[in-house]
Structure formats: C-alpha cells, structure tokens
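Input: a single structure, listed below in structure tokens.
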Amino acid sequence: MSDALPSSPALCCLQAEDSTNKQPISDDSRDPFITLFSGLSAEVGNLTRKVEDLRKSCNSVGVAFSAALRPPIQDSEGYGNTGPYQGDINLVHSHIITNVGNAFSPQTGAFTAPVHGVYYFTFTSYTWKNEANIGVALYKNQEQVALVYEYQDKGDNEDFASNGATLQLAKGDIVYLVLPSGFQVTSNAFKNLSTFSGFLLFQVEGENV
C-alpha cells in the first residue's frame with residue numbers, strides 16, 4: 001500500500017491561482033527611487049559648484065594700490081603745482097605707497113584691471129592757490145566717471161577735495177586720473193597730499209562683465 005496522499009483538486013486549484021497572481025515588479029514601482037537619486041545627484045552638483053566658487057573666492061587675486069602725486073617743480077618746503085595746461089593731461093601719481101598685484105603703473109599713472117571684477121577707486125586732490133580752477137577727473141578707458149571741481153576765490157587759498165566710484169571692469173580695462181584743461185592741483189615732494197587709490201572688491205565671471 002502506498003503512503004502517498006492523493007492530490008486534492010482544491011489544492012491544485014489554489015496553487016494554480018497563486019502561480020498566475022505572481023506578477024513581475026513593474027518599472028513604475030522603481031520611479032520614486034530614480035527620482036530620489038536624480039534629486040540627490042543634482043544637489044551634489046550644486047554643492048560641488050558652491051565649494052568651487054568658495055575655493056575661487058579664497059584664492060582670488062590680491063589687488064590694491066595707493067599712490068601720491070609729486071610736483072614737477074617745488075619750493076623750499078616741497079610744494080608745487082601741476083597745471084594749468086591748455087589741454088587735458090593724465091595725472092601721473094609716481095610715488096607708490098602700496099601696489100599689491102602691480103596693476104598700477106607709476107610711469108603712466110594708470111591702473112590696468114588684471115581680472116574681471118568689481119573695484120573701488122578713490123582720489124583726493126589738494127590745492128594751495130587762489131583765483132584758480134581746481135579739480136581732478138576719474139576716467140574708465142575713455143569715459144569720465146567722477147569729478148571734483150571748485151573755483152578758488154581770493155579768500156580761499158587751501159582746500160582738499162575727494163571723490164570715488166565703484167566700477168565693474170573687464171580684464172584689461174584702464175582707470176586713471178585726468179587734470180582738465182585750465183585746472184591745477186598742488187602736491188608735495190615729501191608729503192602724500194594728492195592721492196589715488198583702488199582695490200579689487202570681488203571677481204566676477206567674464207561673461208557677466
């Protein structure tokens with residue numbers, strides 16, 4: 001006599017049902033994981049770019065200068081006037097106080113931007129003269145961007161005047177001071193009275209300049 005139990009029709013039917021109900025996992029069930037992975041990848045990319053921007057900022061080029069005007073002819077105390085002239089002339093601040101990055105030329109009096117960026121410039125003119133036009137203009141390339149001006153009357157012999165500007169420059173742009181036609185400015189051979197200064201605030205991408 002065999003010990004094997006006869007097959008039950010109901011059990012066979014149940015097994016057949018279970019077999020037909022086992023469906024493969026659809027691609028749709030994996031979508032949330034793909035979306036999550038894509039989001040994480042994008043976030044990692046953003047963080048990488050931020051780290052790179054921070055690295056560039058920390059390693060940015062150091063640019064800063066200050067220079068003083070010296071008189072072409074001086075008196076016994078070192079004072080002398082530059083101008084007036086019949087035409088505009090570039091003022092050459094030949095005495096270097098600071099020139100980090102060597103972007104300012106004491107030979108030409110011009111600052112040449114070494115990188116794309118936003119820069120700040122300031123200038124001060126001193127005058128000891130009466131009945132005279134005094135003033136200095138700041139130029140970017142061929143464009144005047146700032147000016148100090150005053151007419152010194154008979155009772156007004158000594159004055160300081162200052163101005164400044166924040167400029168966005170492309171690499172190679174030049175910034176310089178001009179003495180307008182008919183104007184004059186006073187300087188001293190031993191003291192820094194009429195000065196020109198500037199420095200890089202921050203760099204910008206070339207296409208944004």
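If you're wondering about the labels, chains in the structure tokens are A, B, ... by order shown, residues count from 1 in each chain, ligands from 1 in order shown.
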Please, which residues of region 69-119 of chain A, numbered as in this document, come out strand (DSSP E) from DSSP, as a ChimeraX atom specification?
/A:79-82,89-91,95-100,110-112,117-119
Would you output that residue set with N, CA, C and O atoms, as a short mmCIF file (atom, residue, chain, number, x, y, z; two decimals), in the first residue's frame?
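Below is the file that was written, selection20.cif:
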data_model
loop_
_atom_site.label_atom_id
_atom_site.label_comp_id
_atom_site.auth_asym_id
_atom_site.auth_seq_id
_atom_site.Cartn_x
_atom_site.Cartn_y
_atom_site.Cartn_z
N TYR A 79 56.48 122.11 -1.84
CA TYR A 79 55.19 122.29 -2.53
C TYR A 79 55.39 122.74 -3.97
O TYR A 79 56.34 123.46 -4.30
N GLY A 80 54.46 122.33 -4.81
CA GLY A 80 54.48 122.75 -6.21
C GLY A 80 53.16 122.43 -6.88
O GLY A 80 52.42 121.55 -6.43
N ASN A 81 52.85 123.17 -7.94
CA ASN A 81 51.59 122.97 -8.67
C ASN A 81 51.82 122.22 -9.97
O ASN A 81 52.84 122.40 -10.64
N THR A 82 50.84 121.39 -10.31
CA THR A 82 50.79 120.75 -11.62
C THR A 82 49.66 121.43 -12.39
O THR A 82 48.51 121.42 -11.94
N ILE A 89 45.42 116.56 -19.38
CA ILE A 89 46.59 115.70 -19.27
C ILE A 89 46.31 114.60 -18.25
O ILE A 89 45.52 114.78 -17.31
N ASN A 90 46.96 113.45 -18.44
CA ASN A 90 46.88 112.38 -17.46
C ASN A 90 47.76 112.73 -16.26
O ASN A 90 48.93 113.11 -16.44
N LEU A 91 47.19 112.61 -15.07
CA LEU A 91 47.98 112.84 -13.86
C LEU A 91 48.73 111.56 -13.51
O LEU A 91 48.13 110.49 -13.38
N HIS A 95 54.63 108.38 -6.90
CA HIS A 95 55.12 107.85 -5.62
C HIS A 95 54.22 106.72 -5.14
O HIS A 95 53.07 106.95 -4.77
N ILE A 96 54.74 105.50 -5.15
CA ILE A 96 53.96 104.33 -4.76
C ILE A 96 53.94 104.19 -3.24
O ILE A 96 54.98 104.17 -2.59
N ILE A 97 52.73 104.09 -2.70
CA ILE A 97 52.55 103.80 -1.28
C ILE A 97 52.30 102.30 -1.10
O ILE A 97 52.92 101.65 -0.26
N THR A 98 51.41 101.76 -1.92
CA THR A 98 51.09 100.33 -1.94
C THR A 98 50.78 99.94 -3.37
O THR A 98 50.16 100.71 -4.10
N ASN A 99 51.23 98.75 -3.77
CA ASN A 99 50.92 98.29 -5.13
C ASN A 99 50.87 96.76 -5.16
O ASN A 99 51.66 96.10 -5.84
N VAL A 100 49.92 96.20 -4.42
CA VAL A 100 49.75 94.75 -4.37
C VAL A 100 49.19 94.27 -5.71
O VAL A 100 48.15 94.75 -6.16
N ALA A 110 48.27 104.95 -14.68
CA ALA A 110 47.05 104.20 -15.00
C ALA A 110 47.02 102.87 -14.25
O ALA A 110 48.05 102.22 -14.07
N PHE A 111 45.82 102.48 -13.86
CA PHE A 111 45.57 101.16 -13.29
C PHE A 111 44.98 100.28 -14.38
O PHE A 111 44.03 100.69 -15.07
N THR A 112 45.52 99.08 -14.57
CA THR A 112 45.00 98.13 -15.55
C THR A 112 44.43 96.93 -14.82
O THR A 112 45.14 96.25 -14.06
N GLY A 117 36.21 91.97 -12.63
CA GLY A 117 35.79 92.14 -11.25
C GLY A 117 35.18 93.49 -10.98
O GLY A 117 35.05 94.35 -11.87
N VAL A 118 34.78 93.67 -9.74
CA VAL A 118 34.25 94.94 -9.26
C VAL A 118 35.31 95.58 -8.37
O VAL A 118 35.79 94.95 -7.42
N TYR A 119 35.65 96.82 -8.67
CA TYR A 119 36.74 97.53 -8.00
C TYR A 119 36.22 98.83 -7.39
O TYR A 119 35.24 99.41 -7.88
#
Can you list, as a PyMOL selection string, every protein, DNA or RNA residue that comes within 10 Å of Ala146 (chain A) when you count only C-alpha atoms, leaving out same-chain residues fewer than 2 positions away?
chain A and resi 122-123+136-140+143-144+148+163-165+177
Go ahead and save the picked residues with all heavy atoms, as a short mmCIF file (atom, residue, chain, number, x, y, z; two decimals), in the first residue's frame.
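Contents of selection.cif, freshly written:
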data_model
loop_
_atom_site.label_atom_id
_atom_site.label_comp_id
_atom_site.auth_asym_id
_atom_site.auth_seq_id
_atom_site.Cartn_x
_atom_site.Cartn_y
_atom_site.Cartn_z
N THR A 122 39.25 105.66 -5.23
CA THR A 122 39.04 106.94 -4.55
C THR A 122 40.24 107.84 -4.85
O THR A 122 41.36 107.35 -5.06
CB THR A 122 38.87 106.74 -3.03
OG1 THR A 122 38.61 108.00 -2.41
CG2 THR A 122 40.10 106.12 -2.40
N PHE A 123 39.98 109.14 -4.87
CA PHE A 123 41.08 110.08 -5.15
C PHE A 123 40.85 111.37 -4.38
O PHE A 123 39.73 111.77 -4.11
CB PHE A 123 41.21 110.36 -6.65
CG PHE A 123 39.97 110.88 -7.30
CD1 PHE A 123 39.79 112.24 -7.55
CD2 PHE A 123 38.96 110.01 -7.70
CE1 PHE A 123 38.66 112.73 -8.15
CE2 PHE A 123 37.81 110.49 -8.32
CZ PHE A 123 37.65 111.85 -8.54
N VAL A 136 39.99 117.39 -10.42
CA VAL A 136 40.56 116.18 -11.00
C VAL A 136 39.41 115.28 -11.44
O VAL A 136 38.38 115.22 -10.76
CB VAL A 136 41.47 115.44 -9.99
CG1 VAL A 136 41.98 114.14 -10.56
CG2 VAL A 136 42.64 116.31 -9.55
N ALA A 137 39.58 114.56 -12.54
CA ALA A 137 38.53 113.67 -13.05
C ALA A 137 39.03 112.23 -13.09
O ALA A 137 40.20 111.98 -13.40
CB ALA A 137 38.11 114.10 -14.45
N LEU A 138 38.14 111.31 -12.76
CA LEU A 138 38.43 109.88 -12.83
C LEU A 138 37.88 109.32 -14.13
O LEU A 138 36.71 109.56 -14.46
CB LEU A 138 37.80 109.16 -11.64
CG LEU A 138 37.99 107.64 -11.56
CD1 LEU A 138 39.43 107.30 -11.20
CD2 LEU A 138 37.02 107.03 -10.54
N TYR A 139 38.71 108.58 -14.86
CA TYR A 139 38.30 108.02 -16.15
C TYR A 139 38.41 106.50 -16.13
O TYR A 139 39.32 105.93 -15.53
CB TYR A 139 39.21 108.54 -17.27
CG TYR A 139 38.78 109.86 -17.85
CD1 TYR A 139 38.93 111.04 -17.13
CD2 TYR A 139 38.23 109.94 -19.13
CE1 TYR A 139 38.54 112.26 -17.66
CE2 TYR A 139 37.84 111.17 -19.67
CZ TYR A 139 38.00 112.32 -18.93
OH TYR A 139 37.61 113.53 -19.46
N LYS A 140 37.43 105.87 -16.80
CA LYS A 140 37.50 104.45 -17.12
C LYS A 140 37.61 104.35 -18.64
O LYS A 140 36.71 104.78 -19.36
CB LYS A 140 36.24 103.72 -16.64
CG LYS A 140 36.12 102.29 -17.16
CD LYS A 140 34.75 101.70 -16.83
CE LYS A 140 34.57 100.37 -17.53
NZ LYS A 140 33.21 99.78 -17.27
N GLU A 143 36.04 107.13 -20.80
CA GLU A 143 34.82 107.70 -20.23
C GLU A 143 35.08 108.33 -18.86
O GLU A 143 35.66 107.69 -17.97
CB GLU A 143 33.76 106.60 -20.07
CG GLU A 143 32.48 107.04 -19.39
CD GLU A 143 31.57 105.87 -19.05
OE1 GLU A 143 31.95 104.71 -19.31
OE2 GLU A 143 30.47 106.13 -18.53
N GLN A 144 34.65 109.59 -18.69
CA GLN A 144 34.76 110.22 -17.38
C GLN A 144 33.65 109.68 -16.48
O GLN A 144 32.47 109.70 -16.85
CB GLN A 144 34.64 111.74 -17.51
CG GLN A 144 34.84 112.48 -16.18
CD GLN A 144 34.60 113.98 -16.29
OE1 GLN A 144 33.69 114.51 -15.66
NE2 GLN A 144 35.40 114.65 -17.09
N VAL A 148 35.97 116.04 -9.23
CA VAL A 148 35.92 117.04 -8.16
C VAL A 148 36.30 118.38 -8.80
O VAL A 148 37.20 118.44 -9.63
CB VAL A 148 36.86 116.70 -6.98
CG1 VAL A 148 36.36 115.50 -6.23
CG2 VAL A 148 38.30 116.50 -7.43
N ASN A 163 36.69 112.24 -4.06
CA ASN A 163 35.57 111.58 -4.71
C ASN A 163 35.95 110.11 -4.92
O ASN A 163 37.11 109.73 -4.69
CB ASN A 163 35.24 112.25 -6.05
CG ASN A 163 33.78 112.06 -6.44
OD1 ASN A 163 33.11 111.17 -5.93
ND2 ASN A 163 33.29 112.90 -7.35
N GLY A 164 34.99 109.31 -5.33
CA GLY A 164 35.28 107.90 -5.55
C GLY A 164 34.18 107.24 -6.35
O GLY A 164 33.11 107.82 -6.58
N ALA A 165 34.44 106.00 -6.78
CA ALA A 165 33.44 105.26 -7.56
C ALA A 165 33.73 103.77 -7.49
O ALA A 165 34.89 103.35 -7.39
CB ALA A 165 33.46 105.72 -9.02
N LEU A 177 43.51 109.11 -13.65
CA LEU A 177 43.06 110.46 -13.32
C LEU A 177 43.52 111.44 -14.38
O LEU A 177 44.62 111.32 -14.93
CB LEU A 177 43.61 110.88 -11.95
CG LEU A 177 43.09 110.12 -10.74
CD1 LEU A 177 43.77 110.63 -9.46
CD2 LEU A 177 41.58 110.26 -10.62
#
Need to verify the contact set: Asn130 (chain A), 12 Å, only C-alpha atoms, exclusion of same-chain residues closer than 5 positions in sequence. Can you return it as a list in words?
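Neighbouring residues, sequence-local ones excluded: Glu150, Tyr151, Gln152, Asp153, Lys154, Gly155, Asp156, Asn157, Glu158, Asp159, Gln184, Val185 and Thr186 of chain A.
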Quick one: DSSP helix (DSSP H, G or I) residues in region 48-184 of chain A, as an MDAnalysis selection string?
chainID A and resid 48:58
Output the selection as an mmCIF file, in the first residue's frame - all heavy atoms for each residue.
data_model
loop_
_atom_site.group_PDB
_atom_site.id
_atom_site.type_symbol
_atom_site.label_atom_id
_atom_site.label_comp_id
_atom_site.auth_asym_id
_atom_site.auth_seq_id
_atom_site.Cartn_x
_atom_site.Cartn_y
_atom_site.Cartn_z
ATOM 1 N N THR A 48 28.892 70.966 -5.109
ATOM 2 C CA THR A 48 30.226 70.972 -5.727
ATOM 3 C C THR A 48 30.541 72.330 -6.331
ATOM 4 O O THR A 48 31.645 72.859 -6.185
ATOM 5 C CB THR A 48 30.313 69.879 -6.812
ATOM 6 O OG1 THR A 48 30.057 68.601 -6.217
ATOM 7 C CG2 THR A 48 31.690 69.861 -7.457
ATOM 8 N N ARG A 49 29.546 72.916 -7.014
ATOM 9 C CA ARG A 49 29.756 74.236 -7.618
ATOM 10 C C ARG A 49 29.973 75.305 -6.542
ATOM 11 O O ARG A 49 30.803 76.195 -6.687
ATOM 12 C CB ARG A 49 28.569 74.608 -8.504
ATOM 13 C CG ARG A 49 28.562 73.886 -9.850
ATOM 14 C CD ARG A 49 27.504 74.450 -10.781
ATOM 15 N NE ARG A 49 26.162 74.134 -10.319
ATOM 16 C CZ ARG A 49 25.524 73.014 -10.629
ATOM 17 N NH1 ARG A 49 26.111 72.107 -11.385
ATOM 18 N NH2 ARG A 49 24.300 72.807 -10.191
ATOM 19 N N LYS A 50 29.215 75.202 -5.428
ATOM 20 C CA LYS A 50 29.382 76.175 -4.355
ATOM 21 C C LYS A 50 30.764 76.079 -3.720
ATOM 22 O O LYS A 50 31.387 77.084 -3.388
ATOM 23 C CB LYS A 50 28.292 75.970 -3.301
ATOM 24 C CG LYS A 50 26.899 76.410 -3.753
ATOM 25 C CD LYS A 50 25.854 76.164 -2.681
ATOM 26 C CE LYS A 50 24.466 76.595 -3.150
ATOM 27 N NZ LYS A 50 23.428 76.328 -2.132
ATOM 28 N N VAL A 51 31.230 74.847 -3.541
ATOM 29 C CA VAL A 51 32.571 74.644 -2.979
ATOM 30 C C VAL A 51 33.627 75.220 -3.918
ATOM 31 O O VAL A 51 34.592 75.853 -3.486
ATOM 32 C CB VAL A 51 32.821 73.144 -2.720
ATOM 33 C CG1 VAL A 51 34.285 72.884 -2.399
ATOM 34 C CG2 VAL A 51 31.948 72.654 -1.577
ATOM 35 N N GLU A 52 33.439 75.028 -5.225
ATOM 36 C CA GLU A 52 34.394 75.545 -6.201
ATOM 37 C C GLU A 52 34.387 77.069 -6.201
ATOM 38 O O GLU A 52 35.443 77.708 -6.274
ATOM 39 C CB GLU A 52 34.050 75.017 -7.596
ATOM 40 C CG GLU A 52 34.990 75.466 -8.712
ATOM 41 C CD GLU A 52 36.416 74.980 -8.532
ATOM 42 O OE1 GLU A 52 36.640 74.039 -7.752
ATOM 43 O OE2 GLU A 52 37.310 75.561 -9.179
ATOM 44 N N ASP A 53 33.185 77.667 -6.109
ATOM 45 C CA ASP A 53 33.096 79.134 -6.046
ATOM 46 C C ASP A 53 33.781 79.666 -4.794
ATOM 47 O O ASP A 53 34.456 80.691 -4.833
ATOM 48 C CB ASP A 53 31.626 79.587 -6.048
ATOM 49 C CG ASP A 53 30.949 79.362 -7.385
ATOM 50 O OD1 ASP A 53 31.672 79.165 -8.384
ATOM 51 O OD2 ASP A 53 29.704 79.359 -7.428
ATOM 52 N N LEU A 54 33.594 78.958 -3.673
ATOM 53 C CA LEU A 54 34.244 79.367 -2.428
ATOM 54 C C LEU A 54 35.750 79.244 -2.541
ATOM 55 O O LEU A 54 36.492 80.105 -2.065
ATOM 56 C CB LEU A 54 33.721 78.511 -1.272
ATOM 57 C CG LEU A 54 34.260 78.840 0.126
ATOM 58 C CD1 LEU A 54 33.899 80.273 0.513
ATOM 59 C CD2 LEU A 54 33.695 77.874 1.153
ATOM 60 N N ARG A 55 36.200 78.177 -3.197
ATOM 61 C CA ARG A 55 37.647 77.998 -3.380
ATOM 62 C C ARG A 55 38.233 79.123 -4.222
ATOM 63 O O ARG A 55 39.290 79.675 -3.909
ATOM 64 C CB ARG A 55 37.924 76.649 -4.058
ATOM 65 C CG ARG A 55 39.410 76.312 -4.187
ATOM 66 C CD ARG A 55 39.604 75.101 -5.078
ATOM 67 N NE ARG A 55 39.233 75.387 -6.446
ATOM 68 C CZ ARG A 55 40.013 76.049 -7.299
ATOM 69 N NH1 ARG A 55 41.193 76.508 -6.913
ATOM 70 N NH2 ARG A 55 39.609 76.291 -8.529
ATOM 71 N N LYS A 56 37.507 79.489 -5.288
ATOM 72 C CA LYS A 56 37.980 80.584 -6.139
ATOM 73 C C LYS A 56 38.024 81.889 -5.356
ATOM 74 O O LYS A 56 38.934 82.694 -5.510
ATOM 75 C CB LYS A 56 37.078 80.734 -7.361
ATOM 76 C CG LYS A 56 37.224 79.622 -8.376
ATOM 77 C CD LYS A 56 36.283 79.851 -9.560
ATOM 78 C CE LYS A 56 36.399 78.755 -10.589
ATOM 79 N NZ LYS A 56 35.458 78.969 -11.730
ATOM 80 N N SER A 57 36.991 82.105 -4.521
ATOM 81 C CA SER A 57 36.942 83.327 -3.719
ATOM 82 C C SER A 57 38.109 83.388 -2.752
ATOM 83 O O SER A 57 38.741 84.435 -2.572
ATOM 84 C CB SER A 57 35.614 83.393 -2.963
ATOM 85 O OG SER A 57 35.577 84.508 -2.113
ATOM 86 N N CYS A 58 38.421 82.258 -2.118
ATOM 87 C CA CYS A 58 39.527 82.230 -1.149
ATOM 88 C C CYS A 58 40.870 82.426 -1.838
ATOM 89 O O CYS A 58 41.805 82.957 -1.249
ATOM 90 C CB CYS A 58 39.511 80.912 -0.380
ATOM 91 S SG CYS A 58 38.101 80.746 0.738
#
Which of these residues is nearest to Val63 (chain A), using only C-alpha atoms: A:Ser125, A:Ser197, A:Gln142, A:Thr166?
A:Ser197
